[in-house]
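Below is my_file-v9.cif, which holds mmCIF, C-alpha atoms.
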```cif
data_data
#
loop_
_atom_site.label_atom_id
_atom_site.label_comp_id
_atom_site.auth_asym_id
_atom_site.auth_seq_id
_atom_site.Cartn_x
_atom_site.Cartn_y
_atom_site.Cartn_z
CA MET A 1 39.80 -20.55 5.69
CA LYS A 2 36.52 -22.25 6.51
CA ILE A 3 34.23 -22.17 3.48
CA LEU A 4 30.54 -23.03 3.73
CA VAL A 5 29.36 -24.70 0.53
CA PRO A 6 25.61 -25.07 -0.25
CA ASP A 7 24.06 -28.53 -0.52
CA THR A 8 22.29 -27.46 -3.74
CA ILE A 9 25.31 -27.81 -6.02
CA ASP A 10 28.46 -29.92 -6.30
CA LEU A 11 31.56 -27.73 -6.26
CA ASP A 12 35.04 -29.06 -6.87
CA LEU A 13 37.17 -26.99 -4.50
CA ALA A 14 40.06 -29.46 -4.45
CA HIS A 15 42.55 -26.70 -5.19
CA LEU A 16 41.51 -24.85 -2.04
CA THR A 17 41.29 -27.87 0.24
CA ALA A 18 44.71 -29.02 -0.94
CA ALA A 19 46.02 -25.66 0.21
CA GLY A 20 44.59 -26.22 3.69
CA ASP A 21 41.17 -24.61 3.44
CA ASN A 22 38.20 -26.37 5.04
CA ALA A 23 35.12 -26.73 2.83
CA VAL A 24 31.95 -27.66 4.74
CA VAL A 25 28.61 -28.45 3.11
CA TYR A 26 25.58 -26.81 4.72
CA ALA A 27 21.81 -26.97 4.17
CA VAL A 28 20.46 -23.87 2.44
CA ASP A 29 16.98 -24.25 3.98
CA LYS A 30 18.10 -24.46 7.61
CA LEU A 31 19.83 -22.14 10.05
CA ILE A 32 23.63 -22.14 9.95
CA PRO A 33 24.87 -24.73 12.50
CA SER A 34 26.48 -23.10 15.54
CA GLU A 35 29.75 -24.97 15.01
CA HIS A 36 30.12 -23.41 11.55
CA ARG A 37 29.23 -19.82 12.30
CA ASP A 38 32.95 -19.04 12.45
CA ALA A 39 33.29 -19.52 8.68
CA GLU A 40 34.93 -16.76 6.67
CA VAL A 41 33.34 -17.56 3.32
CA LEU A 42 29.71 -18.37 2.52
CA VAL A 43 28.81 -19.67 -0.93
CA VAL A 44 25.13 -19.14 -1.75
CA TRP A 45 22.87 -20.98 -4.22
CA ARG A 46 19.07 -21.27 -3.86
CA ASN A 47 19.20 -20.31 -0.18
CA THR A 48 16.02 -19.47 1.67
CA THR A 49 15.45 -15.94 2.94
CA GLU A 50 15.54 -17.25 6.52
CA ASN A 51 18.90 -18.92 5.95
CA LEU A 52 20.47 -15.77 4.53
CA THR A 53 19.05 -13.53 7.25
CA ASP A 54 20.34 -15.90 9.92
CA ALA A 55 23.78 -16.03 8.29
CA ALA A 56 23.97 -12.24 8.18
CA ARG A 57 23.10 -12.06 11.87
CA SER A 58 25.10 -14.96 13.26
CA MET A 59 28.42 -15.11 11.38
CA PRO A 60 30.74 -12.44 12.87
CA THR A 61 33.93 -13.62 11.13
CA LEU A 62 32.42 -13.65 7.65
CA LYS A 63 34.56 -11.91 5.01
CA LEU A 64 32.98 -12.99 1.73
CA VAL A 65 29.56 -14.04 0.49
CA GLN A 66 29.75 -15.52 -3.01
CA THR A 67 26.34 -15.99 -4.59
CA LEU A 68 26.18 -18.15 -7.71
CA ALA A 69 23.09 -16.30 -8.90
CA ALA A 70 23.50 -13.60 -11.55
CA GLY A 71 21.21 -11.34 -9.53
CA PRO A 72 22.53 -10.72 -5.99
CA ASP A 73 19.39 -8.96 -4.73
CA PRO A 74 18.37 -11.63 -2.13
CA VAL A 75 21.87 -11.53 -0.61
CA LEU A 76 21.99 -7.74 -0.63
CA ALA A 77 18.63 -7.66 1.17
CA ALA A 78 19.72 -10.13 3.89
CA GLY A 79 21.51 -7.51 5.98
CA PHE A 80 25.17 -8.54 5.86
CA ALA A 81 27.58 -6.10 7.47
CA ASP A 82 29.22 -3.48 5.27
CA SER A 83 32.58 -5.11 5.97
CA VAL A 84 31.46 -8.32 4.23
CA ALA A 85 32.30 -8.46 0.53
CA ILE A 86 29.44 -9.69 -1.65
CA THR A 87 30.17 -11.06 -5.11
CA SER A 88 27.66 -12.18 -7.71
CA GLY A 89 27.57 -15.06 -10.18
CA ARG A 90 27.41 -12.76 -13.18
CA SER A 91 28.57 -14.60 -16.33
CA LEU A 92 27.90 -18.07 -14.86
CA HIS A 93 24.46 -18.15 -16.47
CA ASP A 94 25.23 -16.41 -19.76
CA GLY A 95 25.06 -19.49 -21.99
CA PRO A 96 21.93 -21.16 -20.56
CA VAL A 97 19.94 -17.90 -20.29
CA ALA A 98 20.92 -16.77 -23.79
CA GLU A 99 19.90 -20.19 -25.10
CA HIS A 100 16.50 -20.06 -23.40
CA ALA A 101 15.92 -16.46 -24.44
CA LEU A 102 16.56 -17.41 -28.06
CA ALA A 103 14.18 -20.36 -27.71
CA LEU A 104 11.42 -18.10 -26.36
CA VAL A 105 12.00 -15.47 -29.03
CA LEU A 106 11.78 -18.06 -31.79
CA ALA A 107 8.77 -19.76 -30.20
CA ALA A 108 6.90 -16.46 -29.93
CA THR A 109 7.94 -15.24 -33.38
CA ARG A 110 7.06 -18.50 -35.12
CA ARG A 111 4.00 -18.82 -32.83
CA LEU A 112 4.82 -22.36 -31.79
CA ASP A 113 2.22 -21.96 -29.04
CA VAL A 114 -0.49 -21.66 -31.71
CA LEU A 115 0.86 -24.65 -33.60
CA LEU A 116 1.00 -26.72 -30.42
CA GLU A 117 -2.67 -26.03 -29.78
CA SER A 118 -3.40 -27.09 -33.35
CA GLN A 119 -1.47 -30.29 -32.77
CA LYS A 120 -3.45 -31.01 -29.60
CA ALA A 121 -6.65 -30.49 -31.59
CA ALA A 122 -5.36 -32.71 -34.43
CA THR A 123 -5.80 -29.74 -36.77
CA TRP A 124 -3.64 -28.93 -39.80
CA ASN A 125 -3.46 -25.15 -39.34
CA LYS A 126 -3.99 -23.78 -42.87
CA PRO A 127 -4.64 -20.14 -41.77
CA TYR A 128 -1.24 -20.11 -40.04
CA ASN A 129 0.43 -21.51 -43.14
CA GLU A 130 -1.15 -18.83 -45.29
CA ALA A 131 -0.24 -16.02 -42.88
CA GLN A 132 3.42 -16.96 -42.58
CA SER A 133 3.80 -17.19 -46.34
CA ASN A 134 1.71 -14.13 -47.27
CA PRO A 135 3.98 -11.21 -48.32
CA ALA A 136 1.81 -8.86 -46.25
CA THR A 137 2.39 -10.75 -42.98
CA GLU A 138 5.37 -13.06 -43.50
CA GLN A 139 7.78 -10.62 -41.79
CA LEU A 140 5.96 -11.25 -38.51
CA TYR A 141 7.11 -14.88 -38.57
CA THR A 142 10.85 -14.38 -38.98
CA LEU A 143 13.83 -12.78 -37.24
CA ASP A 144 15.47 -12.09 -40.59
CA GLY A 145 15.27 -8.31 -40.87
CA ALA A 146 13.62 -7.88 -37.44
CA ASN A 147 14.58 -5.06 -35.07
CA VAL A 148 15.40 -6.66 -31.71
CA THR A 149 15.90 -4.46 -28.66
CA ILE A 150 17.63 -5.98 -25.63
CA TRP A 151 16.85 -4.04 -22.44
CA GLY A 152 19.62 -4.67 -19.92
CA PHE A 153 22.73 -5.14 -22.04
CA GLY A 154 25.15 -7.08 -19.84
CA SER A 155 27.09 -10.28 -20.31
CA ILE A 156 23.99 -12.37 -21.09
CA ALA A 157 23.05 -9.96 -23.86
CA GLY A 158 26.62 -10.18 -25.11
CA ARG A 159 26.11 -13.91 -25.57
CA LEU A 160 22.58 -13.60 -27.01
CA ALA A 161 23.03 -10.76 -29.49
CA PRO A 162 25.34 -12.65 -31.92
CA LEU A 163 22.86 -15.54 -32.03
CA LEU A 164 20.11 -13.15 -33.07
CA THR A 165 22.24 -11.43 -35.70
CA ALA A 166 23.20 -14.82 -37.12
CA LEU A 167 19.50 -15.22 -37.94
CA GLY A 168 19.38 -11.83 -39.63
CA ALA A 169 18.10 -9.63 -36.81
CA LYS A 170 19.31 -6.08 -36.16
CA VAL A 171 20.12 -5.80 -32.44
CA THR A 172 20.10 -2.62 -30.36
CA GLY A 173 20.97 -2.65 -26.67
CA VAL A 174 19.58 -0.49 -23.89
CA ALA A 175 21.62 0.27 -20.76
CA ASN A 176 22.19 3.07 -18.27
CA SER A 177 24.78 4.65 -20.55
CA LYS A 178 24.99 4.70 -24.36
CA GLY A 179 27.92 3.52 -26.44
CA GLU A 180 29.00 0.19 -27.84
CA ARG A 181 29.14 -3.14 -25.99
CA TYR A 182 30.23 -6.50 -27.37
CA GLY A 183 30.28 -4.87 -30.80
CA PHE A 184 26.63 -3.75 -30.70
CA PRO A 185 25.13 -0.23 -30.50
CA VAL A 186 23.66 0.59 -27.08
CA VAL A 187 21.35 3.50 -26.31
CA SER A 188 20.73 4.94 -22.86
CA THR A 189 17.62 4.09 -20.86
CA GLY A 190 16.35 7.59 -21.49
CA GLU A 191 16.47 6.95 -25.23
CA LEU A 192 14.40 3.75 -25.00
CA PRO A 193 11.13 5.45 -26.06
CA GLU A 194 12.82 6.50 -29.30
CA VAL A 195 13.58 2.91 -30.36
CA LEU A 196 10.37 1.26 -29.17
CA GLY A 197 8.32 2.46 -32.13
CA THR A 198 10.40 0.36 -34.55
CA THR A 199 11.01 -2.59 -32.23
CA ASP A 200 9.75 -5.97 -33.41
CA VAL A 201 11.02 -7.93 -30.39
CA LEU A 202 11.74 -6.44 -26.96
CA ILE A 203 13.81 -8.69 -24.70
CA SER A 204 14.21 -7.78 -21.03
CA ILE A 205 17.24 -9.00 -19.08
CA LEU A 206 16.88 -6.32 -16.43
CA PRO A 207 17.97 -6.99 -12.82
CA ALA A 208 15.57 -6.37 -9.94
CA THR A 209 16.36 -2.98 -8.38
CA ASP A 210 14.32 -0.08 -7.01
CA GLU A 211 14.78 1.66 -10.36
CA THR A 212 13.60 -1.27 -12.48
CA THR A 213 10.44 -2.18 -10.54
CA ASP A 214 7.57 -2.31 -13.07
CA ALA A 215 9.92 -0.89 -15.73
CA LEU A 216 7.78 -2.55 -18.40
CA ASN A 217 4.68 -0.47 -17.77
CA GLU A 218 1.67 0.66 -19.77
CA ASP A 219 3.58 3.57 -21.34
CA ILE A 220 6.30 1.24 -22.64
CA LEU A 221 3.75 -1.26 -23.93
CA ARG A 222 1.76 1.43 -25.73
CA ALA A 223 4.96 2.71 -27.37
CA LEU A 224 5.55 -0.69 -28.97
CA PRO A 225 3.94 -1.58 -32.30
CA GLN A 226 0.85 -3.77 -32.07
CA THR A 227 2.83 -6.46 -33.91
CA ALA A 228 5.67 -6.51 -31.34
CA ILE A 229 6.72 -9.39 -29.09
CA PHE A 230 7.94 -9.08 -25.49
CA VAL A 231 10.22 -11.64 -23.82
CA ASN A 232 11.39 -11.52 -20.19
CA VAL A 233 14.30 -13.65 -18.96
CA GLY A 234 15.41 -11.11 -16.36
CA ARG A 235 13.38 -10.64 -13.18
CA GLY A 236 9.61 -10.76 -12.65
CA ALA A 237 9.66 -7.59 -10.53
CA THR A 238 10.53 -5.55 -13.62
CA VAL A 239 7.14 -6.14 -15.28
CA ASP A 240 3.80 -4.53 -14.47
CA GLU A 241 1.88 -7.76 -14.98
CA ASP A 242 -1.54 -6.05 -14.99
CA ALA A 243 -0.40 -3.76 -17.80
CA LEU A 244 1.03 -6.70 -19.76
CA LEU A 245 -2.15 -8.71 -19.26
CA ALA A 246 -4.27 -5.81 -20.51
CA ALA A 247 -2.08 -5.35 -23.58
CA LEU A 248 -2.43 -9.03 -24.48
CA GLN A 249 -6.17 -9.14 -23.81
CA GLU A 250 -6.78 -6.00 -25.87
CA GLY A 251 -4.59 -7.17 -28.74
CA ARG A 252 -2.09 -4.34 -28.34
CA LEU A 253 0.78 -6.83 -28.31
CA ARG A 254 1.21 -9.73 -30.72
CA ALA A 255 2.67 -12.14 -28.19
CA ALA A 256 4.80 -12.40 -25.05
CA ALA A 257 6.94 -15.01 -23.32
CA LEU A 258 7.82 -14.97 -19.61
CA ASP A 259 10.36 -17.13 -17.82
CA VAL A 260 9.97 -15.10 -14.61
CA THR A 261 7.01 -13.66 -12.72
CA LYS A 262 6.53 -11.43 -9.69
CA VAL A 263 5.40 -14.36 -7.53
CA GLU A 264 7.11 -17.71 -8.05
CA PRO A 265 5.83 -20.33 -8.43
CA LEU A 266 3.10 -18.52 -10.34
CA PRO A 267 -0.16 -19.13 -8.40
CA ALA A 268 -2.67 -21.42 -10.07
CA ASP A 269 -5.30 -18.65 -9.95
CA SER A 270 -3.10 -16.09 -11.72
CA LYS A 271 -4.79 -14.57 -14.75
CA LEU A 272 -1.50 -14.87 -16.64
CA TRP A 273 -2.05 -18.61 -17.14
CA ALA A 274 -5.06 -17.91 -19.38
CA ALA A 275 -3.72 -14.77 -21.04
CA PRO A 276 -4.00 -14.89 -24.83
CA ASN A 277 -0.78 -15.25 -26.85
CA LEU A 278 1.40 -15.73 -23.77
CA ILE A 279 4.08 -18.40 -23.31
CA ILE A 280 5.14 -19.16 -19.72
CA THR A 281 8.13 -21.21 -18.59
CA PRO A 282 8.87 -21.86 -14.88
CA HIS A 283 12.07 -19.81 -14.36
CA VAL A 284 14.25 -22.35 -16.12
CA ALA A 285 16.44 -20.08 -18.26
CA GLY A 286 19.30 -20.26 -15.78
CA ASN A 287 19.63 -22.50 -12.74
CA ARG A 288 22.79 -24.08 -14.20
CA PRO A 289 25.73 -21.90 -13.15
CA LYS A 290 28.62 -22.88 -15.40
CA GLY A 291 32.15 -22.42 -14.04
CA SER A 292 31.04 -21.93 -10.43
CA ALA A 293 34.00 -23.74 -8.85
CA HIS A 294 36.44 -21.64 -10.84
CA LEU A 295 34.78 -18.37 -9.77
CA VAL A 296 34.64 -19.43 -6.10
CA THR A 297 38.29 -20.51 -6.13
CA GLU A 298 39.35 -17.35 -7.94
CA ASN A 299 37.60 -15.03 -5.47
CA ILE A 300 38.80 -16.85 -2.35
CA SER A 301 42.36 -16.74 -3.67
CA ALA A 302 41.95 -13.02 -4.37
CA LEU A 303 40.55 -12.48 -0.88
CA LYS A 304 43.61 -14.11 0.67
CA ASP A 305 45.97 -12.07 -1.48
CA GLY A 306 44.16 -8.78 -0.96
CA LYS A 307 43.41 -8.48 -4.67
CA PRO A 308 40.22 -7.16 -6.34
CA LEU A 309 37.31 -9.61 -6.32
CA THR A 310 35.44 -10.63 -9.45
CA ASN A 311 31.83 -9.39 -9.68
CA GLN A 312 31.95 -7.52 -6.34
CA VAL A 313 28.68 -5.68 -5.75
CA ALA A 314 29.02 -4.65 -2.07
CA GLY A 315 31.41 -4.60 0.87
#
```

Rewrite the structure from the file as structure tokens, please.
Amino acid sequence: MKILVPDTIDLDLAHLTAAGDNAVVYAVDKLIPSEHRDAEVLVVWRNTTENLTDAARSMPTLKLVQTLAAGPDPVLAAGFADSVAITSGRSLHDGPVAEHALALVLAATRRLDVLLESQKAATWNKPYNEAQSNPATEQLYTLDGANVTIWGFGSIAGRLAPLLTALGAKVTGVANSKGERYGFPVVSTGELPEVLGTTDVLISILPATDETTDALNEDILRALPQTAIFVNVGRGATVDEDALLAALQEGRLRAAALDVTKVEPLPADSKLWAAPNLIITPHVAGNRPKGSAHLVTENISALKDGKPLTNQVAG
């Protein structure tokens, strides 16, 4: 098989090439070269919209598109034929995203943003010290005993939840169907309003779909306690940014941390930059797909053998 490999990541496909497959590196920001449009497998990582649209239109022998991103929405929107199998990179980013989510949760809970400003001003922040040690407010500054709700309880949440419980938090998941996942209780999306009132930290790891657009809206924000924290390491499209901005400006939310925004890079004139009590990181939670070569090799081998593909989302 001819396999097109993106120039944005080094993949060790020695096992496949030793078996006679032809791995060709291509540029993700240019049109697919005419001599390689006969490829049967396209591996995708940080491709431009134009590249994906061109690939969908110009590669008639394509059998598999393997994206290394956890969210396959750009590939699904490119217009590949129904006969083309599309597989996602779900699980490749679990460790890095869980790590960053935990960092943001701790930073927002311990208000490291406030302490950093104090450091810049060469100020020993006594009011902060008093607040975090005062019995009336100390619970705001710790995860020990906190109710953490993870909205979008997939494999990343499965990696994150034990880290939170190790620090004393009580974790509840939210997904399309209720039950138990990874050893944690999960309520259905319809039951979310029932748990928001006692949520101290709401973490979103929602994918971008028609159903999740602006899922974090004014109603959800108003259902949260005024002392709650919101963290998003999922997709920017899932947050009504105007509603979030208003909640922060009006003091209806203690703090928030965003690794993703609707428009990326976030424009310099965005009001989010100056929003009070908001931490912003430039979509860096993932971007390090671990085990990519293994997943690519596994799916190409399955394709040859007519076996089920891992993480298949279409085709």

| said: Expand the PyMOL selection byres ((chain A and resi 25-28) around 9) into the explicit residue set it covers here, and present it as a ChimeraX atom specification. | reply: /A:3-8,23-24,29-33,36,44-48,51-52

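Among the candidates A:Asn277, A:Thr213, A:Thr17, A:Ser270, the one nearest to Asp240 of chain A when counting only C-alpha atoms is A:Thr213.
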
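Interatomic distance, atom CA of Pro207 of chain A to atom CA of Arg235 of chain A: 5.9 Å.
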
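For Phe230 of chain A, the non-local neighbours within 6 Å, defined as residues at least 2 positions apart in the same chain or in other chains and counting only C-alpha atoms, are Val201, Leu202, Ile203 and Ala256 of chain A.
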
Just say which residues the PyMOL selection byres ((chain A and resi 92) around 9) picks in this file, as a PyMOL selection string. chain A and resi 68-70+89-91+93-96+286+288-292+295

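We find atom CA of Gln139 of chain A and atom CA of Leu272 of chain A to be spaced 27.1 Å apart.
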
Here atom CA of Thr189 of chain A and atom CA of Arg222 of chain A stand apart by 16.8 Å

Residues of segment 11-72 of chain A within 12 Å of segment 305-313 of chain A: nearest atom pair and distance (Å, one decimal) for each, counting only C-alpha atoms, sorted by chain and number, as a Markdown table?
```
| residue | atom | partner | partner_atom | distance |
| --- | --- | --- | --- | --- |
| A:Lys63 | CA | A:Gly306 | CA | 11.7 |
| A:Leu64 | CA | A:Leu309 | CA | 9.7 |
| A:Val65 | CA | A:Gln312 | CA | 9.7 |
| A:Gln66 | CA | A:Gln312 | CA | 8.9 |
| A:Thr67 | CA | A:Asn311 | CA | 10.0 |
| A:Leu68 | CA | A:Asn311 | CA | 10.6 |
| A:Ala69 | CA | A:Asn311 | CA | 11.2 |
| A:Ala70 | CA | A:Asn311 | CA | 9.5 |
| A:Gly71 | CA | A:Val313 | CA | 10.1 |
| A:Pro72 | CA | A:Val313 | CA | 8.0 |
```

On this structure, the PyMOL selection byres ((chain A and resi 159-169) around 6) would catch which residues? List them as a ChimeraX atom specification, sorted by chain and number.
/A:98,143-146,156-158,170

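Candidate residues A:Pro193, A:Pro282, A:Gly79, A:Pro185 were compared for distance to Thr172 of chain A, and the nearest is A:Pro185, using all atoms listed in the file.
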
Val231 of chain A proximity check over A:Ala101, A:Val174, A:Leu216, A:Leu245, using only C-alpha atoms: winner is A:Ala101

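Using only C-alpha atoms, the nearest neighbour of Ser204 of chain A within the list A:Ala136, A:Ile150, A:Ile229, A:Val171 is A:Ile150.
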
How would you write as a VMD selection string the residues that get within 12 Å of (5.9, 2.2, -20.0) in the file's frame, counting all atoms listed in the file?
chain A and resid 189 to 190 192 to 193 196 212 to 224 238 to 241 243 to 244 247

Quick one: write out the picked residues with C-alpha atoms as a PDB file, in the coordinates of the input?
```pdb
ATOM      1  CA  THR A 189      17.620   4.090 -20.860  1.00  0.00           C
ATOM      2  CA  GLY A 190      16.350   7.590 -21.490  1.00  0.00           C
ATOM      3  CA  LEU A 192      14.400   3.750 -25.000  1.00  0.00           C
ATOM      4  CA  PRO A 193      11.130   5.450 -26.060  1.00  0.00           C
ATOM      5  CA  LEU A 196      10.370   1.260 -29.170  1.00  0.00           C
ATOM      6  CA  THR A 212      13.600  -1.270 -12.480  1.00  0.00           C
ATOM      7  CA  THR A 213      10.440  -2.180 -10.540  1.00  0.00           C
ATOM      8  CA  ASP A 214       7.570  -2.310 -13.070  1.00  0.00           C
ATOM      9  CA  ALA A 215       9.920  -0.890 -15.730  1.00  0.00           C
ATOM     10  CA  LEU A 216       7.780  -2.550 -18.400  1.00  0.00           C
ATOM     11  CA  ASN A 217       4.680  -0.470 -17.770  1.00  0.00           C
ATOM     12  CA  GLU A 218       1.670   0.660 -19.770  1.00  0.00           C
ATOM     13  CA  ASP A 219       3.580   3.570 -21.340  1.00  0.00           C
ATOM     14  CA  ILE A 220       6.300   1.240 -22.640  1.00  0.00           C
ATOM     15  CA  LEU A 221       3.750  -1.260 -23.930  1.00  0.00           C
ATOM     16  CA  ARG A 222       1.760   1.430 -25.730  1.00  0.00           C
ATOM     17  CA  ALA A 223       4.960   2.710 -27.370  1.00  0.00           C
ATOM     18  CA  LEU A 224       5.550  -0.690 -28.970  1.00  0.00           C
ATOM     19  CA  THR A 238      10.530  -5.550 -13.620  1.00  0.00           C
ATOM     20  CA  VAL A 239       7.140  -6.140 -15.280  1.00  0.00           C
ATOM     21  CA  ASP A 240       3.800  -4.530 -14.470  1.00  0.00           C
ATOM     22  CA  GLU A 241       1.880  -7.760 -14.980  1.00  0.00           C
ATOM     23  CA  ALA A 243      -0.400  -3.760 -17.800  1.00  0.00           C
ATOM     24  CA  LEU A 244       1.030  -6.700 -19.760  1.00  0.00           C
ATOM     25  CA  ALA A 247      -2.080  -5.350 -23.580  1.00  0.00           C
TER      26      ALA A 247
END
```

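Take the candidates A:Gly315, A:Pro265, A:Gly234, A:Pro276 and check each one against Glu250 of chain A using all atoms listed in the file; the shortest distance goes to A:Pro276.
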
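With all atoms listed in the file as the atoms that count, the residue of A:Ala274, A:Val105, A:Val43, A:Leu258 with the shortest distance to Ala55 of chain A is A:Val43.
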
- Would you list the residues near (24.7, 1.7, -21.8), meaning any protein, DNA or RNA residue with an atom at most 7 Å from that point in file coordinates, counting all atoms listed in the file, as number ranges by chain? A: 174-179, 186-188

Practice problem: For segment 225-227 of chain A, please output as a list of chain:residue names all residues within 10 Å (counting all atoms listed in the file; exclusion window: fewer than 4 positions along the same chain). | Solution: A:Leu140, A:Leu196, A:Gly197, A:Thr198, A:Thr199, A:Asp200, A:Val201, A:Leu221, A:Ala247, A:Leu248, A:Gly251, A:Arg252, A:Leu253, A:Arg254, A:Ala255

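All residues of protein, DNA or RNA that reach within 10 Å of Thr53 of chain A, judged by only C-alpha atoms and not counting those fewer than 6 positions away in the chain, are Leu31, Pro74, Val75, Ala77, Ala78, Gly79 and Phe80 of chain A.
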